[in-house]
Amino acid sequence: MTTPGPRQPRAVDCGVPDALARGRGFHEARAWRDAYDELARADRVAPLSAEDLERLAVAAYLIDRDGEFLAALDRAHHSYLEAREGVHAARCAFWLGLRLLLRGEQGPATGWLARAERLLEREPRDCVERGYLRLPAAERCLASGDGEAAFAAAADAVDIGDRFADADLVACARHLQGRALLQQWRVAEGLTLLDEAMIAVTAGELTPLMTGLVYCSVIDACQRVYAFDRAREWTSALSAWCAAQPQLVAFTTTCRVHRAEVLQWQGAWREAFAEARHAYEQPSDEAGPRAPAAAMYRQGELHRLRGDFAAAEKAYRRASQGGCEPQPGLALLRLAQGRVDAALAALRRLVLTSTDPLERAPLLPAHVEVLLAADEVEEAGAAARELGELAESLGSRVVEAVAAHARGAVALAAGDPRAAIPTLRRALEMCQSVETPYLAARVRELIGLACDALGDQDGRRLELEAARAVFVRLGAAPDVARIDAAMPPSRPRHTHGLTPRELQVLAQVAAGKTNKVIAGELGLSEKTIDRHVSNIFGKLGVSSRAAATSFAYEHRLL
């Protein structure tokens, strides 16, 4: 929440080591690694004061040294206790408790927060720290699903923050009120409060630690309710804030995971994958154990969309091992592999056992797609209707577009292309307004199929060609293959020097199969397949399986 808030330094003797002065200067300049190094160096010469220990703690947190953060804050707390400064000792205890709470260490967190409460009970005067202790109470209520109690606790904190003119407390409590309203399904009101909290954040009114915490929490809340326009804006702002502090490490993992999802929706798949890979390979302790798993899930999604099914399989498994639910991505991978029954069983299990609408939201579009593949049109229609109701409740144009796409797909599968086309046209309009090119191309593909069902061959070709162009640009190899199957080339293909056997191997590579699997299916040795793949790379001028797949679909080799 807010930085521990070191007070203005007391007058110091002329004998203060240069390291301490430099550490304070670096802290003021937000050069966090340098601040930590110099303050730690000064501490080795002579123990730091409580105020400087707080500075050391903040710097440690922001360069992702969680253990050092807790240790420095513990020392500051005891230093304040020895000086009989109970309010400041309580502030340190609050931060220790909050950090441990966010790490999932309930016992120690409860102990520190109880100590902070007890210290403040001894204080005769009112103080802003009483407001800070309402924040963990609000967080606990949110975690238990009690949005009303969370809102009330956060409202108490806002009142205290206003009374003491504490910008950190007000902004944090206000955003918790927004999250509480979102939990009560009062989406428009909740987003308004989040926006209000972010005004103080983006204006630079908050301390660095609070700035990062509120940024990440607000972006996560926006993405949970599919407010991708806001998520995109705040993610860009967070990225700029992080970039302005080159030595900052904390918050960058969470920032990259959120940014990867936003970029994927925008159609910047290469950039999205780079962000997700960086978030997985260089995770920060601050982000918690789930962030790298979420980053791996995002990689799995992008691998699947680009047709690298073997890599997608590995990514989903790693995400699951890290504590991230690999669905609905894994079910869609099974569908792409032709394992419809497995995909349907997984999604039915999740839909039947999930009651939270926000948990069901990402499942329903995939459920509709798999149900239609299984020829369960009536059940798909029910899922599409639920998705539409959810979109109306959320007021999210992204979810509205997804829901309209699902309704159009169901109408087309039910043999009613006349009803499908206006619904799909509406979906396309919304996709274009929120800049989701992949979904827009999927919609145009269905419009083309509806035109075909109504005998409009020109309309069919125009829509399918437009969809194919987007799929090629994105590198969505399976989608390109599906379009090509529906729209065979009008003239003989150019093989680019590939032999019939190499074309056969290339088709297997594009399907995401390993050389070992290809060898087994074609009755050849793995060494022979290795040679064929090497020849394919050389003739096409590519250096990877993904690049060969992209080239094959772009040039209609398959």
# chains A, B, ... in the order shown; residues from 1 in each chain; ligands from 1
>>> residues_around(residues="stretch 464-473 of chain A", least_positions_apart="6", cutoff="8 Å", atoms="only C-alpha atoms", output="number ranges by chain")
A: 437-438, 440-442, 444-445, 448, 479-480, 483, 487, 550, 553-554
>>> write_last_selection(atoms="N, CA and C atoms", output="mmCIF file, in the first residue's frame")
data_model
loop_
_atom_site.group_PDB
_atom_site.id
_atom_site.type_symbol
_atom_site.label_atom_id
_atom_site.label_comp_id
_atom_site.auth_asym_id
_atom_site.auth_seq_id
_atom_site.Cartn_x
_atom_site.Cartn_y
_atom_site.Cartn_z
ATOM 1 N N PRO A 437 -8.058 -7.811 -33.706
ATOM 2 C CA PRO A 437 -8.013 -8.308 -35.085
ATOM 3 C C PRO A 437 -8.230 -9.809 -35.235
ATOM 4 N N TYR A 438 -7.727 -10.608 -34.290
ATOM 5 C CA TYR A 438 -7.898 -12.053 -34.433
ATOM 6 C C TYR A 438 -9.368 -12.433 -34.331
ATOM 7 N N ALA A 440 -11.867 -10.497 -34.886
ATOM 8 C CA ALA A 440 -12.535 -9.943 -36.072
ATOM 9 C C ALA A 440 -12.379 -10.883 -37.265
ATOM 10 N N ALA A 441 -11.197 -11.470 -37.430
ATOM 11 C CA ALA A 441 -10.973 -12.396 -38.543
ATOM 12 C C ALA A 441 -11.796 -13.670 -38.369
ATOM 13 N N ARG A 442 -11.917 -14.151 -37.126
ATOM 14 C CA ARG A 442 -12.763 -15.318 -36.887
ATOM 15 C C ARG A 442 -14.218 -15.020 -37.247
ATOM 16 N N ARG A 444 -15.226 -12.763 -39.481
ATOM 17 C CA ARG A 444 -15.336 -12.646 -40.943
ATOM 18 C C ARG A 444 -15.350 -14.027 -41.606
ATOM 19 N N GLU A 445 -14.623 -14.962 -41.036
ATOM 20 C CA GLU A 445 -14.654 -16.321 -41.564
ATOM 21 C C GLU A 445 -16.076 -16.885 -41.512
ATOM 22 N N GLY A 448 -18.272 -15.326 -44.074
ATOM 23 C CA GLY A 448 -18.021 -15.930 -45.383
ATOM 24 C C GLY A 448 -18.752 -17.248 -45.544
ATOM 25 N N ASP A 479 -5.538 -21.492 -38.380
ATOM 26 C CA ASP A 479 -6.659 -20.765 -38.975
ATOM 27 C C ASP A 479 -6.466 -20.606 -40.477
ATOM 28 N N VAL A 480 -5.222 -20.353 -40.889
ATOM 29 C CA VAL A 480 -4.932 -20.258 -42.325
ATOM 30 C C VAL A 480 -5.249 -21.593 -42.994
ATOM 31 N N ILE A 483 -8.983 -21.980 -43.451
ATOM 32 C CA ILE A 483 -9.488 -21.142 -44.545
ATOM 33 C C ILE A 483 -9.131 -21.780 -45.887
ATOM 34 N N MET A 487 -11.344 -22.783 -49.026
ATOM 35 C CA MET A 487 -11.162 -21.950 -50.207
ATOM 36 C C MET A 487 -9.908 -22.402 -50.941
ATOM 37 N N SER A 550 4.719 -20.929 -40.839
ATOM 38 C CA SER A 550 4.188 -19.646 -41.294
ATOM 39 C C SER A 550 4.398 -19.469 -42.800
ATOM 40 N N TYR A 553 1.943 -21.709 -44.895
ATOM 41 C CA TYR A 553 0.567 -21.246 -45.011
ATOM 42 C C TYR A 553 0.467 -19.935 -45.794
ATOM 43 N N GLU A 554 1.473 -19.086 -45.612
ATOM 44 C CA GLU A 554 1.445 -17.810 -46.338
ATOM 45 C C GLU A 554 1.538 -18.034 -47.839
#
>>> closest_atom_pairs(of="stretch 49-138 of chain A", to="stretch 165-181 of chain A", cutoff="10 Å", atoms="only C-alpha atoms", output="CSV")
residue,atom,partner,partner_atom,distance
A:Val128,CA,A:Asp166,CA,7.6
A:Glu129,CA,A:Leu169,CA,9.2
A:Gly131,CA,A:Leu169,CA,7.3
A:Tyr132,CA,A:Leu169,CA,6.5
A:Arg134,CA,A:Ala173,CA,8.6
A:Leu135,CA,A:Ala173,CA,6.6
A:Ala138,CA,A:Leu176,CA,7.1
>>> closest_residue(among="A:Ala83, A:Val377, A:Leu363, A:Val201", to="A:Ala411", atoms="only C-alpha atoms")
A:Val377
>>> residues_around(residues="A:Ser217", least_positions_apart="3", cutoff="12 Å", atoms="only C-alpha atoms", output="NGL selection string")
:A and (1 or 102 or 139 or 171-176 or 178-179 or 194 or 197-198 or 201 or 210-214 or 220-224 or 231 or 234-235 or 238 or 251 or 254-255 or 258 or 287)
>>> residues_around(residues="A:Ala19", least_positions_apart="5", cutoff="9 Å", atoms="only C-alpha atoms", output="PyMOL selection string")
chain A and resi 24+37-42
>>> residues_around(residues="A:Glu325", least_positions_apart="2", cutoff="12 Å", atoms="only C-alpha atoms", output="PDB file with N, CA and C atoms, in the first residue's frame")
ATOM      1  N   ARG A 290       2.389 -17.278  -8.573  1.00  0.00           N
ATOM      2  CA  ARG A 290       1.442 -17.508  -9.661  1.00  0.00           C
ATOM      3  C   ARG A 290       1.766 -16.710 -10.918  1.00  0.00           C
ATOM      4  N   ALA A 293       3.621 -18.651 -13.561  1.00  0.00           N
ATOM      5  CA  ALA A 293       2.719 -19.658 -14.127  1.00  0.00           C
ATOM      6  C   ALA A 293       1.744 -19.010 -15.105  1.00  0.00           C
ATOM      7  N   ALA A 294       1.243 -17.828 -14.751  1.00  0.00           N
ATOM      8  CA  ALA A 294       0.346 -17.109 -15.657  1.00  0.00           C
ATOM      9  C   ALA A 294       1.078 -16.712 -16.932  1.00  0.00           C
ATOM     10  N   ALA A 295       2.357 -16.349 -16.792  1.00  0.00           N
ATOM     11  CA  ALA A 295       3.159 -16.009 -17.963  1.00  0.00           C
ATOM     12  C   ALA A 295       3.341 -17.227 -18.861  1.00  0.00           C
ATOM     13  N   MET A 296       3.512 -18.404 -18.266  1.00  0.00           N
ATOM     14  CA  MET A 296       3.661 -19.627 -19.054  1.00  0.00           C
ATOM     15  C   MET A 296       2.346 -19.980 -19.748  1.00  0.00           C
ATOM     16  N   TYR A 297       1.228 -19.761 -19.082  1.00  0.00           N
ATOM     17  CA  TYR A 297      -0.067 -20.008 -19.730  1.00  0.00           C
ATOM     18  C   TYR A 297      -0.219 -19.107 -20.952  1.00  0.00           C
ATOM     19  N   ARG A 298       0.192 -17.852 -20.815  1.00  0.00           N
ATOM     20  CA  ARG A 298       0.083 -16.930 -21.954  1.00  0.00           C
ATOM     21  C   ARG A 298       0.956 -17.421 -23.106  1.00  0.00           C
ATOM     22  N   GLY A 300       1.632 -20.531 -23.711  1.00  0.00           N
ATOM     23  CA  GLY A 300       0.896 -21.653 -24.263  1.00  0.00           C
ATOM     24  C   GLY A 300      -0.186 -21.204 -25.227  1.00  0.00           C
ATOM     25  N   ALA A 315       3.867 -25.826 -22.379  1.00  0.00           N
ATOM     26  CA  ALA A 315       3.596 -24.584 -21.656  1.00  0.00           C
ATOM     27  C   ALA A 315       2.394 -24.737 -20.732  1.00  0.00           C
ATOM     28  N   TYR A 316       1.338 -25.349 -21.212  1.00  0.00           N
ATOM     29  CA  TYR A 316       0.157 -25.549 -20.363  1.00  0.00           C
ATOM     30  C   TYR A 316       0.498 -26.427 -19.155  1.00  0.00           C
ATOM     31  N   ARG A 317       1.318 -27.439 -19.373  1.00  0.00           N
ATOM     32  CA  ARG A 317       1.696 -28.319 -18.260  1.00  0.00           C
ATOM     33  C   ARG A 317       2.520 -27.554 -17.225  1.00  0.00           C
ATOM     34  N   ARG A 318       3.440 -26.728 -17.690  1.00  0.00           N
ATOM     35  CA  ARG A 318       4.247 -25.938 -16.757  1.00  0.00           C
ATOM     36  C   ARG A 318       3.381 -24.928 -16.007  1.00  0.00           C
ATOM     37  N   ALA A 319       2.413 -24.347 -16.704  1.00  0.00           N
ATOM     38  CA  ALA A 319       1.506 -23.412 -16.047  1.00  0.00           C
ATOM     39  C   ALA A 319       0.724 -24.125 -14.951  1.00  0.00           C
ATOM     40  N   SER A 320       0.247 -25.327 -15.261  1.00  0.00           N
ATOM     41  CA  SER A 320      -0.506 -26.098 -14.275  1.00  0.00           C
ATOM     42  C   SER A 320       0.363 -26.457 -13.075  1.00  0.00           C
ATOM     43  N   GLN A 321       1.599 -26.852 -13.329  1.00  0.00           N
ATOM     44  CA  GLN A 321       2.510 -27.188 -12.244  1.00  0.00           C
ATOM     45  C   GLN A 321       2.795 -25.984 -11.353  1.00  0.00           C
ATOM     46  N   GLY A 322       2.712 -24.775 -11.927  1.00  0.00           N
ATOM     47  CA  GLY A 322       2.949 -23.561 -11.158  1.00  0.00           C
ATOM     48  C   GLY A 322       1.715 -23.026 -10.459  1.00  0.00           C
ATOM     49  N   GLY A 323       0.583 -23.734 -10.589  1.00  0.00           N
ATOM     50  CA  GLY A 323      -0.625 -23.318  -9.881  1.00  0.00           C
ATOM     51  C   GLY A 323      -1.615 -22.537 -10.705  1.00  0.00           C
ATOM     52  N   GLN A 327      -6.879 -24.199 -18.359  1.00  0.00           N
ATOM     53  CA  GLN A 327      -8.065 -24.115 -19.198  1.00  0.00           C
ATOM     54  C   GLN A 327      -8.525 -22.667 -19.311  1.00  0.00           C
ATOM     55  N   PRO A 328      -9.170 -22.319 -20.411  1.00  0.00           N
ATOM     56  CA  PRO A 328      -9.658 -23.188 -21.484  1.00  0.00           C
ATOM     57  C   PRO A 328      -8.634 -23.470 -22.592  1.00  0.00           C
ATOM     58  N   GLY A 329      -7.422 -22.936 -22.443  1.00  0.00           N
ATOM     59  CA  GLY A 329      -6.435 -23.109 -23.511  1.00  0.00           C
ATOM     60  C   GLY A 329      -6.142 -24.558 -23.832  1.00  0.00           C
ATOM     61  N   LEU A 330      -5.991 -25.389 -22.793  1.00  0.00           N
ATOM     62  CA  LEU A 330      -5.669 -26.788 -23.033  1.00  0.00           C
ATOM     63  C   LEU A 330      -6.802 -27.503 -23.761  1.00  0.00           C
ATOM     64  N   ALA A 331      -8.044 -27.179 -23.420  1.00  0.00           N
ATOM     65  CA  ALA A 331      -9.184 -27.793 -24.111  1.00  0.00           C
ATOM     66  C   ALA A 331      -9.204 -27.392 -25.583  1.00  0.00           C
ATOM     67  N   ALA A 346     -13.306 -31.752 -20.341  1.00  0.00           N
ATOM     68  CA  ALA A 346     -12.630 -30.774 -19.481  1.00  0.00           C
ATOM     69  C   ALA A 346     -13.486 -29.536 -19.266  1.00  0.00           C
ATOM     70  N   LEU A 347     -14.067 -29.016 -20.334  1.00  0.00           N
ATOM     71  CA  LEU A 347     -14.850 -27.793 -20.213  1.00  0.00           C
ATOM     72  C   LEU A 347     -16.173 -28.030 -19.494  1.00  0.00           C
ATOM     73  N   LEU A 350     -15.460 -27.984 -15.791  1.00  0.00           N
ATOM     74  CA  LEU A 350     -15.232 -26.649 -15.243  1.00  0.00           C
ATOM     75  C   LEU A 350     -16.515 -25.819 -15.211  1.00  0.00           C
ATOM     76  N   GLU A 359     -15.326 -16.278 -13.353  1.00  0.00           N
ATOM     77  CA  GLU A 359     -14.565 -17.482 -13.673  1.00  0.00           C
ATOM     78  C   GLU A 359     -15.158 -18.189 -14.887  1.00  0.00           C
ATOM     79  N   PRO A 362     -14.299 -16.650 -19.214  1.00  0.00           N
ATOM     80  CA  PRO A 362     -13.338 -17.132 -20.211  1.00  0.00           C
ATOM     81  C   PRO A 362     -13.605 -18.553 -20.679  1.00  0.00           C
ATOM     82  N   LEU A 363     -14.427 -19.298 -19.942  1.00  0.00           N
ATOM     83  CA  LEU A 363     -14.716 -20.678 -20.307  1.00  0.00           C
ATOM     84  C   LEU A 363     -15.802 -20.785 -21.374  1.00  0.00           C
TER      85      LEU A 363
END
